[in-house]
$ cat my_file30.cif   # mmCIF, C-alpha atoms and all ligand atoms
data_query
#
loop_
_atom_site.label_atom_id
_atom_site.label_comp_id
_atom_site.auth_asym_id
_atom_site.auth_seq_id
_atom_site.Cartn_x
_atom_site.Cartn_y
_atom_site.Cartn_z
CA MET A 21 -29.29 -94.85 86.78
CA ALA A 22 -27.29 -93.86 89.86
CA ALA A 23 -25.40 -91.23 87.89
CA VAL A 24 -28.66 -89.71 86.65
CA LEU A 25 -30.15 -89.17 90.10
CA GLU A 26 -26.90 -87.72 91.33
CA THR A 27 -27.20 -84.95 88.75
CA LEU A 28 -30.64 -84.04 90.02
CA GLU A 29 -29.57 -84.02 93.67
CA GLN A 30 -26.50 -81.95 92.92
CA SER A 31 -28.41 -79.37 90.93
CA PRO A 32 -28.70 -75.91 92.46
CA PHE A 33 -32.32 -75.56 91.27
CA GLN A 34 -35.81 -76.40 92.48
CA THR A 35 -36.39 -79.39 90.24
CA ARG A 36 -39.03 -81.99 89.63
CA LEU A 37 -38.85 -84.98 87.31
CA LEU A 38 -41.73 -85.00 84.84
CA THR A 39 -41.65 -88.74 84.09
CA GLY A 40 -39.43 -91.63 85.15
CA GLN A 41 -36.42 -90.51 83.11
CA THR A 42 -37.48 -87.92 80.57
CA GLY A 43 -38.12 -84.23 81.25
CA VAL A 44 -37.18 -82.12 84.23
CA GLU A 45 -38.96 -79.01 85.43
CA ILE A 46 -36.73 -76.23 86.72
CA LYS A 47 -38.63 -73.68 88.78
CA ASP A 48 -38.11 -70.31 90.43
CA ILE A 49 -35.36 -69.05 88.22
CA ARG A 50 -35.42 -66.08 85.86
CA LEU A 51 -33.46 -67.04 82.77
CA GLN A 52 -32.15 -63.50 82.23
CA ASP A 53 -30.48 -63.67 85.69
CA MET A 54 -28.85 -67.08 85.43
CA SER A 55 -25.27 -67.32 86.68
CA ASP A 56 -22.59 -69.05 84.61
CA GLU A 57 -22.59 -71.85 87.16
CA ASN A 58 -26.32 -72.38 86.71
CA VAL A 59 -25.95 -72.36 82.93
CA GLU A 60 -23.56 -75.29 83.32
CA ALA A 61 -25.98 -77.04 85.71
CA THR A 62 -28.75 -76.54 83.13
CA ARG A 63 -26.56 -77.99 80.42
CA ARG A 64 -25.99 -81.11 82.54
CA LEU A 65 -29.61 -81.49 83.64
CA VAL A 66 -31.07 -81.09 80.17
CA GLY A 67 -28.36 -83.41 78.83
CA GLU A 68 -29.35 -86.04 81.39
CA TYR A 69 -33.15 -85.77 81.14
CA CYS A 70 -33.32 -84.68 77.48
CA VAL A 71 -35.86 -81.86 78.10
CA GLY A 72 -35.90 -78.94 80.54
CA VAL A 73 -39.12 -77.05 81.28
CA PHE A 74 -38.87 -73.56 82.79
CA PRO A 75 -42.35 -72.21 83.59
CA ASN A 76 -43.35 -68.54 83.86
CA GLN A 77 -40.65 -66.91 81.79
CA ASN A 78 -41.01 -63.60 80.02
CA LEU A 79 -38.42 -63.35 77.29
CA SER A 80 -38.21 -60.93 74.40
CA PRO A 81 -36.76 -62.46 71.21
CA GLU A 82 -33.46 -60.73 72.10
CA ASP A 83 -33.53 -62.20 75.65
CA GLN A 84 -34.07 -65.67 74.23
CA LEU A 85 -31.17 -65.24 71.79
CA GLU A 86 -28.98 -63.99 74.61
CA PHE A 87 -29.85 -66.92 76.89
CA VAL A 88 -29.46 -69.62 74.25
CA SER A 89 -26.14 -68.15 73.07
CA ARG A 90 -24.68 -69.09 76.47
CA PHE A 91 -25.01 -72.75 75.41
CA GLY A 92 -23.42 -72.45 71.98
CA LYS A 93 -23.30 -70.41 68.79
CA ILE A 94 -26.81 -69.45 67.68
CA THR A 95 -27.85 -71.26 64.52
CA LYS A 96 -30.89 -71.78 62.31
CA THR A 97 -32.23 -74.35 59.91
CA PRO A 98 -31.03 -73.62 56.37
CA GLY A 99 -33.87 -72.82 54.00
CA VAL A 100 -36.48 -71.93 56.65
CA ASP A 101 -38.08 -68.48 56.91
CA MET A 102 -37.81 -66.95 60.39
CA ARG A 103 -41.15 -65.05 60.15
CA SER A 104 -40.28 -62.95 63.25
CA GLY A 105 -38.34 -60.01 61.83
CA VAL A 106 -35.52 -60.96 64.22
CA ASP A 107 -32.89 -63.11 62.56
CA PHE A 108 -32.43 -66.52 64.21
CA VAL A 109 -35.78 -66.29 66.05
CA HIS A 110 -38.24 -68.52 64.24
CA VAL A 111 -41.94 -68.02 64.88
CA VAL A 112 -43.63 -71.41 65.10
CA ALA A 113 -47.30 -70.74 64.42
CA ASP A 114 -48.76 -73.74 62.65
CA ARG A 115 -52.49 -74.22 62.72
CA GLY A 116 -54.20 -77.50 63.47
CA ASP A 117 -56.97 -79.07 61.47
CA PRO A 118 -59.92 -79.94 63.72
CA ASP A 119 -61.09 -82.68 61.37
CA HIS A 120 -57.72 -84.26 60.72
CA PRO A 121 -55.38 -83.74 63.68
CA VAL A 122 -51.89 -84.94 62.89
CA SER A 123 -48.51 -85.31 64.53
CA GLY A 124 -45.64 -83.39 62.99
CA GLY A 125 -43.62 -86.63 63.16
CA PHE A 126 -40.82 -87.41 65.58
CA HIS A 127 -37.45 -86.00 64.60
CA THR A 128 -34.23 -84.51 65.88
CA ASP A 129 -33.70 -80.96 64.63
CA THR A 130 -31.64 -80.13 61.55
CA CYS A 131 -29.68 -83.39 61.54
CA PHE A 132 -28.75 -82.92 57.87
CA VAL A 133 -25.80 -80.58 58.56
CA GLU A 134 -22.25 -81.39 59.73
CA THR A 135 -22.78 -79.83 63.17
CA PRO A 136 -26.47 -80.21 64.09
CA PRO A 137 -27.96 -78.08 66.90
CA SER A 138 -27.25 -79.28 70.42
CA PHE A 139 -30.19 -77.45 71.98
CA SER A 140 -33.45 -76.19 70.55
CA THR A 141 -35.70 -73.93 72.60
CA LEU A 142 -39.32 -72.84 72.37
CA HIS A 143 -40.83 -69.98 74.33
CA ALA A 144 -44.63 -70.05 74.47
CA ILE A 145 -46.18 -66.70 73.55
CA GLU A 146 -49.77 -67.80 72.94
CA VAL A 147 -51.06 -71.32 73.41
CA PRO A 148 -54.31 -73.16 72.76
CA SER A 149 -56.60 -73.87 75.70
CA HIS A 150 -56.23 -77.53 74.81
CA GLY A 151 -54.20 -79.47 72.27
CA GLY A 152 -50.99 -78.50 70.49
CA ASP A 153 -48.77 -80.45 72.89
CA THR A 154 -45.19 -81.37 72.10
CA ILE A 155 -43.97 -84.92 72.76
CA PHE A 156 -40.37 -85.87 73.44
CA CYS A 157 -38.68 -89.24 73.57
CA ASN A 158 -35.52 -90.32 75.25
CA GLN A 159 -32.88 -91.72 72.90
CA TYR A 160 -30.63 -92.97 75.71
CA MET A 161 -33.45 -95.30 76.70
CA ALA A 162 -33.89 -96.33 73.08
CA TYR A 163 -30.20 -97.26 72.86
CA ASP A 164 -29.96 -98.88 76.29
CA SER A 165 -32.88 -101.20 75.56
CA LEU A 166 -31.36 -102.68 72.39
CA SER A 167 -29.88 -106.15 72.64
CA ASP A 168 -26.12 -106.51 72.96
CA VAL A 169 -26.08 -108.08 69.51
CA MET A 170 -27.83 -105.08 67.95
CA LYS A 171 -25.59 -102.69 69.88
CA SER A 172 -22.45 -104.33 68.58
CA TRP A 173 -23.90 -104.47 65.09
CA LEU A 174 -24.47 -100.71 65.19
CA GLU A 175 -20.86 -100.03 66.18
CA GLY A 176 -19.27 -97.99 63.43
CA MET A 177 -22.56 -97.81 61.49
CA ARG A 178 -23.38 -94.47 59.88
CA PHE A 179 -26.64 -93.17 58.44
CA LYS A 180 -27.08 -90.69 55.63
CA HIS A 181 -29.13 -87.60 56.54
CA VAL A 182 -30.78 -85.33 53.96
CA VAL A 183 -33.15 -82.36 53.97
CA SER A 184 -36.87 -82.91 53.61
CA GLY A 185 -39.33 -80.05 53.12
CA THR A 186 -37.70 -76.65 52.69
CA ASP A 187 -38.74 -73.08 51.86
CA ARG A 188 -35.57 -72.44 49.85
CA PRO A 189 -34.05 -75.51 48.14
CA GLU A 190 -31.04 -73.46 46.94
CA GLU A 191 -29.85 -73.12 50.57
CA VAL A 192 -29.99 -76.81 51.27
CA PRO A 193 -26.67 -78.46 52.21
CA ASP A 194 -25.29 -81.69 50.76
CA PRO A 195 -26.22 -84.95 52.53
CA VAL A 196 -24.13 -85.86 55.57
CA TRP A 197 -23.23 -89.12 57.33
CA HIS A 198 -23.65 -89.34 61.10
CA PRO A 199 -23.08 -92.24 63.49
CA ALA A 200 -26.20 -94.32 64.24
CA VAL A 201 -25.23 -94.16 67.90
CA ARG A 202 -23.73 -91.01 69.31
CA THR A 203 -21.98 -90.35 72.59
CA HIS A 204 -23.28 -87.32 74.43
CA PRO A 205 -20.32 -85.03 75.09
CA VAL A 206 -21.53 -84.01 78.57
CA THR A 207 -23.18 -87.13 80.00
CA LEU A 208 -20.93 -89.51 78.02
CA ARG A 209 -23.97 -91.75 77.57
CA LYS A 210 -24.81 -93.35 74.22
CA ALA A 211 -27.99 -92.36 72.40
CA LEU A 212 -29.61 -93.65 69.24
CA TYR A 213 -29.42 -90.99 66.52
CA VAL A 214 -32.16 -91.62 63.96
CA THR A 215 -34.98 -89.54 62.55
CA TYR A 216 -37.84 -90.00 60.15
CA ALA A 217 -37.36 -91.99 56.98
CA ASP A 218 -37.57 -88.90 54.71
CA ARG A 219 -34.44 -87.54 56.34
CA CYS A 220 -32.52 -90.65 57.32
CA ILE A 221 -32.28 -92.50 54.06
CA GLU A 222 -29.38 -94.90 53.95
CA ALA A 223 -27.20 -97.08 56.17
CA GLU A 224 -23.57 -97.29 55.17
CA GLY A 225 -22.55 -100.68 53.81
CA LEU A 226 -26.07 -102.11 53.69
CA ASN A 227 -28.11 -102.46 50.54
CA PRO A 228 -31.06 -100.03 50.25
CA GLU A 229 -33.70 -102.50 51.46
CA GLU A 230 -31.63 -103.58 54.47
CA GLY A 231 -30.84 -99.99 55.39
CA LYS A 232 -34.44 -98.87 55.07
CA ASN A 233 -35.66 -101.71 57.30
CA LEU A 234 -32.95 -101.15 59.89
CA ILE A 235 -33.68 -97.41 60.12
CA ASP A 236 -37.41 -98.12 60.24
CA PHE A 237 -36.95 -100.60 63.07
CA LEU A 238 -34.74 -98.23 65.10
CA TYR A 239 -37.12 -95.33 64.57
CA LYS A 240 -40.12 -97.36 65.73
CA HIS A 241 -38.11 -98.71 68.63
CA SER A 242 -37.47 -95.10 69.72
CA LEU A 243 -41.16 -94.24 69.98
CA ARG A 244 -42.20 -96.26 72.97
CA ASP A 245 -44.57 -94.82 75.59
CA HIS A 246 -42.37 -95.31 78.62
CA ALA A 247 -39.58 -93.26 77.09
CA MET A 248 -41.76 -90.23 76.37
CA TYR A 249 -42.68 -86.94 78.00
CA ARG A 250 -45.69 -85.02 76.69
CA HIS A 251 -45.57 -81.29 77.29
CA ARG A 252 -48.82 -79.42 77.64
CA TRP A 253 -48.07 -75.75 77.03
CA ASN A 254 -48.77 -72.80 79.30
CA PRO A 255 -48.05 -69.24 78.19
CA GLY A 256 -44.58 -68.24 79.38
CA ASP A 257 -43.16 -71.76 79.27
CA PHE A 258 -39.60 -71.98 78.07
CA VAL A 259 -38.75 -75.50 76.95
CA MET A 260 -35.22 -76.51 76.01
CA TRP A 261 -34.36 -79.91 74.60
CA ASP A 262 -31.15 -81.67 73.76
CA ASN A 263 -31.26 -82.91 70.17
CA ARG A 264 -28.33 -85.25 70.82
CA CYS A 265 -30.39 -87.55 73.01
CA SER A 266 -34.05 -86.96 72.12
CA LEU A 267 -36.67 -86.88 69.39
CA HIS A 268 -39.71 -84.61 69.46
CA ALA A 269 -43.01 -84.13 67.63
CA ALA A 270 -45.63 -81.39 67.71
CA VAL A 271 -49.25 -82.50 67.82
CA TYR A 272 -51.50 -80.38 65.62
CA ASP A 273 -54.81 -81.12 67.27
CA HIS A 274 -55.60 -77.56 68.38
CA GLY A 275 -57.81 -76.69 65.41
CA ASP A 276 -57.79 -72.98 64.64
CA GLN A 277 -56.82 -71.87 68.14
CA PRO A 278 -53.69 -69.70 68.02
CA ARG A 279 -50.44 -71.39 68.96
CA ILE A 280 -47.41 -69.14 68.80
CA LEU A 281 -43.97 -70.16 70.01
CA HIS A 282 -40.58 -68.54 69.50
CA ARG A 283 -37.85 -70.93 68.54
CA VAL A 284 -34.08 -70.46 68.92
CA MET A 285 -31.35 -73.10 68.53
CA CYS A 286 -27.63 -73.30 69.12
CA GLN A 287 -25.03 -75.30 67.28
CA GLY A 288 -23.57 -78.49 68.67
CA GLU A 289 -20.41 -80.43 67.86
CA LYS A 290 -19.97 -82.87 65.00
CA PRO A 291 -21.68 -86.06 66.22
CA PHE A 292 -19.21 -88.73 67.35
CA GLU A 293 -19.75 -92.33 68.33
O1 LIG A 301 -44.26 -76.85 67.48
C1 LIG A 301 -43.68 -77.64 68.23
O2 LIG A 301 -44.15 -78.00 69.30
C2 LIG A 301 -42.33 -78.19 67.85
C3 LIG A 301 -41.97 -77.91 66.44
C4 LIG A 301 -40.60 -78.39 66.15
O3 LIG A 301 -40.41 -79.49 65.72
C5 LIG A 301 -39.47 -77.52 66.46
O4 LIG A 301 -39.65 -76.39 66.89
O5 LIG A 301 -38.34 -77.97 66.28
FE FE A 302 -38.26 -79.86 65.55
#

$ encode --input "my_file30.cif" --output "structure tokens" --more "lines below"
Ligand SMILES: O=C(O)CCC(=O)C(=O)O
Ligand SMILES: [Fe+2]
Amino acid sequence: MAAVLETLEQSPFQTRLLTGQTGVEIKDIRLQDMSDENVEATRRLVGEYCVGVFPNQNLSPEDQLEFVSRFGKITKTPGVDMRSGVDFVHVVADRGDPDHPVSGGFHTDTCFVETPPSFSTLHAIEVPSHGGDTIFCNQYMAYDSLSDVMKSWLEGMRFKHVVSGTDRPEEVPDPVWHPAVRTHPVTLRKALYVTYADRCIEAEGLNPEEGKNLIDFLYKHSLRDHAMYRHRWNPGDFVMWDNRCSLHAAVYDHGDQPRILHRVMCQGEKPFE
């Protein structure tokens, strides 16, 4: 814990923690004007608290691409239509169903490639007056709260990740194996790296039933209230999360109110234990 608070105190920004350990708000900074030094401070802060919230931004799709490219090579999910007319800027504009609100399901983005995105970002263009929140959970906390026996059991364990739901199956990559526990390259903390059962389908060395139950347990273990931050959107919000240490889920309870967000991601390293 001490190391975490140090990062916040050392940061050059006006910051506010949004929950005990997950989510940090970074105020009074225009993303287009950020210095290289502040980009590095952002990388550390978001790495430590999993989610960074920058209110009141006004970014064109090109500005967003430019900003995110400072954190890594811009990337996109294979097989997904961008819908924006600007390559690599994905328009997220899903409608809710007033009678049957659902959660999009907690996941880490595009984990089914060799080098999954480090950061994903959403810039709010138009948001519902209520509903349509995005929830994040902290995968350092999920790992830290496992027993020592479970932690040692997961050492060297790898899970198989595959694509689920795609616009263009021909662009889908082959399955990949990633460590169940990954070390964050910036914070050097360990985080549990699982996602929903459709995408995380097998544990190396275990029989199918064992693997399915293990992944199911770890996934459920990740979704505990005290490790979550729930973001209620305002227009102009820019939210950046670190896929190496968090899961997230959209909540589609906004009925037919418009909800339009621009999404840009950058590539991370190959996950390592
Ligand atoms: O719409 C949202 O709030 C998040 C959707 C999502 O999972 C993503 O953009 O990666
Ligand atoms: Fe996502």

$ axis_aligned_box --input "my_file30.cif" --around "ligand LIG 301 (chain A)" --padding-each-side "5 Å" --output "JSON"
{"center_x": -41.3, "center_y": -77.9, "center_z": 67.5, "size_x": 15.9, "size_y": 13.1, "size_z": 13.6}

$ residues_near_ligand --input "my_file30.cif" --ligand "ligand FE 302 (chain A)" --cutoff "8 Å" --atoms "all atoms listed in the file" --output "PyMOL selection string"
chain A and resi 126-130+140+268-270

$ closest_residue --input "my_file30.cif" --among "A:Ser184, A:Thr35, A:Thr62, A:Asn76" --to "Val100 of chain A" --atoms "all atoms listed in the file"
A:Ser184

$ closest_residue --input "my_file30.cif" --among "A:Val259, A:Met285, A:Val133, A:Ala144" --to "Phe156 of chain A" --atoms "all atoms listed in the file"
A:Val259

$ residues_around --input "my_file30.cif" --residues "Gln77 of chain A" --least-positions-apart "4" --cutoff "8 Å" --atoms "all atoms listed in the file" --output "list in words"
Arg50, Leu51, Gly256, Asp257 and Phe258 of chain A

$ atom_distance --input "my_file30.cif" --atom1 "atom CA of Pro199 of chain A" --atom2 "atom CA of Tyr69 of chain A"
21.3 Å

$ residues_near_ligand --input "my_file30.cif" --ligand "ligand LIG 301 (chain A)" --cutoff "10 Å" --atoms "only C-alpha atoms and all ligand atoms" --output "PyMOL selection string"
chain A and resi 97+110-115+123-130+139-144+152-156+251-253+259+261+263+267-272+279-285

$ build_atoms --input "my_file30.cif" --residues "segment 87-108 of chain A" --atoms "N, CA and C atoms" --output "PDB file, in the coordinates of the input"
ATOM      1  N   PHE A  87     -29.929 -65.753  76.000  1.00  0.00           N
ATOM      2  CA  PHE A  87     -29.850 -66.920  76.890  1.00  0.00           C
ATOM      3  C   PHE A  87     -29.300 -68.139  76.144  1.00  0.00           C
ATOM      4  N   VAL A  88     -29.858 -68.408  74.978  1.00  0.00           N
ATOM      5  CA  VAL A  88     -29.460 -69.620  74.250  1.00  0.00           C
ATOM      6  C   VAL A  88     -27.991 -69.526  73.806  1.00  0.00           C
ATOM      7  N   SER A  89     -27.529 -68.307  73.534  1.00  0.00           N
ATOM      8  CA  SER A  89     -26.140 -68.150  73.070  1.00  0.00           C
ATOM      9  C   SER A  89     -25.144 -68.541  74.159  1.00  0.00           C
ATOM     10  N   ARG A  90     -25.591 -68.659  75.391  1.00  0.00           N
ATOM     11  CA  ARG A  90     -24.680 -69.090  76.470  1.00  0.00           C
ATOM     12  C   ARG A  90     -24.386 -70.593  76.381  1.00  0.00           C
ATOM     13  N   PHE A  91     -25.176 -71.294  75.550  1.00  0.00           N
ATOM     14  CA  PHE A  91     -25.010 -72.750  75.410  1.00  0.00           C
ATOM     15  C   PHE A  91     -24.273 -73.123  74.123  1.00  0.00           C
ATOM     16  N   GLY A  92     -24.078 -72.161  73.249  1.00  0.00           N
ATOM     17  CA  GLY A  92     -23.420 -72.450  71.980  1.00  0.00           C
ATOM     18  C   GLY A  92     -23.765 -71.370  70.975  1.00  0.00           C
ATOM     19  N   LYS A  93     -23.099 -71.424  69.842  1.00  0.00           N
ATOM     20  CA  LYS A  93     -23.300 -70.410  68.790  1.00  0.00           C
ATOM     21  C   LYS A  93     -24.722 -70.538  68.238  1.00  0.00           C
ATOM     22  N   ILE A  94     -25.432 -69.432  68.185  1.00  0.00           N
ATOM     23  CA  ILE A  94     -26.810 -69.450  67.680  1.00  0.00           C
ATOM     24  C   ILE A  94     -26.817 -69.912  66.221  1.00  0.00           C
ATOM     25  N   THR A  95     -27.777 -70.749  65.894  1.00  0.00           N
ATOM     26  CA  THR A  95     -27.850 -71.260  64.520  1.00  0.00           C
ATOM     27  C   THR A  95     -29.309 -71.322  64.073  1.00  0.00           C
ATOM     28  N   LYS A  96     -29.518 -71.607  62.810  1.00  0.00           N
ATOM     29  CA  LYS A  96     -30.890 -71.780  62.310  1.00  0.00           C
ATOM     30  C   LYS A  96     -30.900 -72.858  61.244  1.00  0.00           C
ATOM     31  N   THR A  97     -32.091 -73.315  60.917  1.00  0.00           N
ATOM     32  CA  THR A  97     -32.230 -74.350  59.910  1.00  0.00           C
ATOM     33  C   THR A  97     -32.087 -73.718  58.527  1.00  0.00           C
ATOM     34  N   PRO A  98     -31.153 -74.197  57.700  1.00  0.00           N
ATOM     35  CA  PRO A  98     -31.030 -73.620  56.370  1.00  0.00           C
ATOM     36  C   PRO A  98     -32.339 -73.764  55.599  1.00  0.00           C
ATOM     37  N   GLY A  99     -32.699 -72.727  54.871  1.00  0.00           N
ATOM     38  CA  GLY A  99     -33.870 -72.820  54.000  1.00  0.00           C
ATOM     39  C   GLY A  99     -35.202 -72.612  54.694  1.00  0.00           C
ATOM     40  N   VAL A 100     -35.210 -72.163  55.949  1.00  0.00           N
ATOM     41  CA  VAL A 100     -36.480 -71.930  56.650  1.00  0.00           C
ATOM     42  C   VAL A 100     -36.647 -70.442  56.943  1.00  0.00           C
ATOM     43  N   ASP A 101     -37.813 -69.891  56.612  1.00  0.00           N
ATOM     44  CA  ASP A 101     -38.080 -68.480  56.910  1.00  0.00           C
ATOM     45  C   ASP A 101     -38.297 -68.285  58.395  1.00  0.00           C
ATOM     46  N   MET A 102     -37.722 -67.200  58.938  1.00  0.00           N
ATOM     47  CA  MET A 102     -37.810 -66.950  60.390  1.00  0.00           C
ATOM     48  C   MET A 102     -39.197 -66.402  60.789  1.00  0.00           C
ATOM     49  N   ARG A 103     -39.799 -65.596  59.952  1.00  0.00           N
ATOM     50  CA  ARG A 103     -41.150 -65.050  60.150  1.00  0.00           C
ATOM     51  C   ARG A 103     -41.268 -64.116  61.368  1.00  0.00           C
ATOM     52  N   SER A 104     -40.166 -63.769  62.029  1.00  0.00           N
ATOM     53  CA  SER A 104     -40.280 -62.950  63.250  1.00  0.00           C
ATOM     54  C   SER A 104     -39.778 -61.532  63.042  1.00  0.00           C
ATOM     55  N   GLY A 105     -39.002 -61.299  61.991  1.00  0.00           N
ATOM     56  CA  GLY A 105     -38.340 -60.010  61.830  1.00  0.00           C
ATOM     57  C   GLY A 105     -37.037 -59.953  62.621  1.00  0.00           C
ATOM     58  N   VAL A 106     -36.793 -60.914  63.484  1.00  0.00           N
ATOM     59  CA  VAL A 106     -35.520 -60.960  64.220  1.00  0.00           C
ATOM     60  C   VAL A 106     -34.772 -62.200  63.720  1.00  0.00           C
ATOM     61  N   ASP A 107     -33.602 -61.972  63.136  1.00  0.00           N
ATOM     62  CA  ASP A 107     -32.890 -63.110  62.560  1.00  0.00           C
ATOM     63  C   ASP A 107     -32.571 -64.135  63.650  1.00  0.00           C
ATOM     64  N   PHE A 108     -32.695 -65.385  63.315  1.00  0.00           N
ATOM     65  CA  PHE A 108     -32.430 -66.520  64.210  1.00  0.00           C
ATOM     66  C   PHE A 108     -33.553 -66.799  65.213  1.00  0.00           C
TER      67      PHE A 108
END
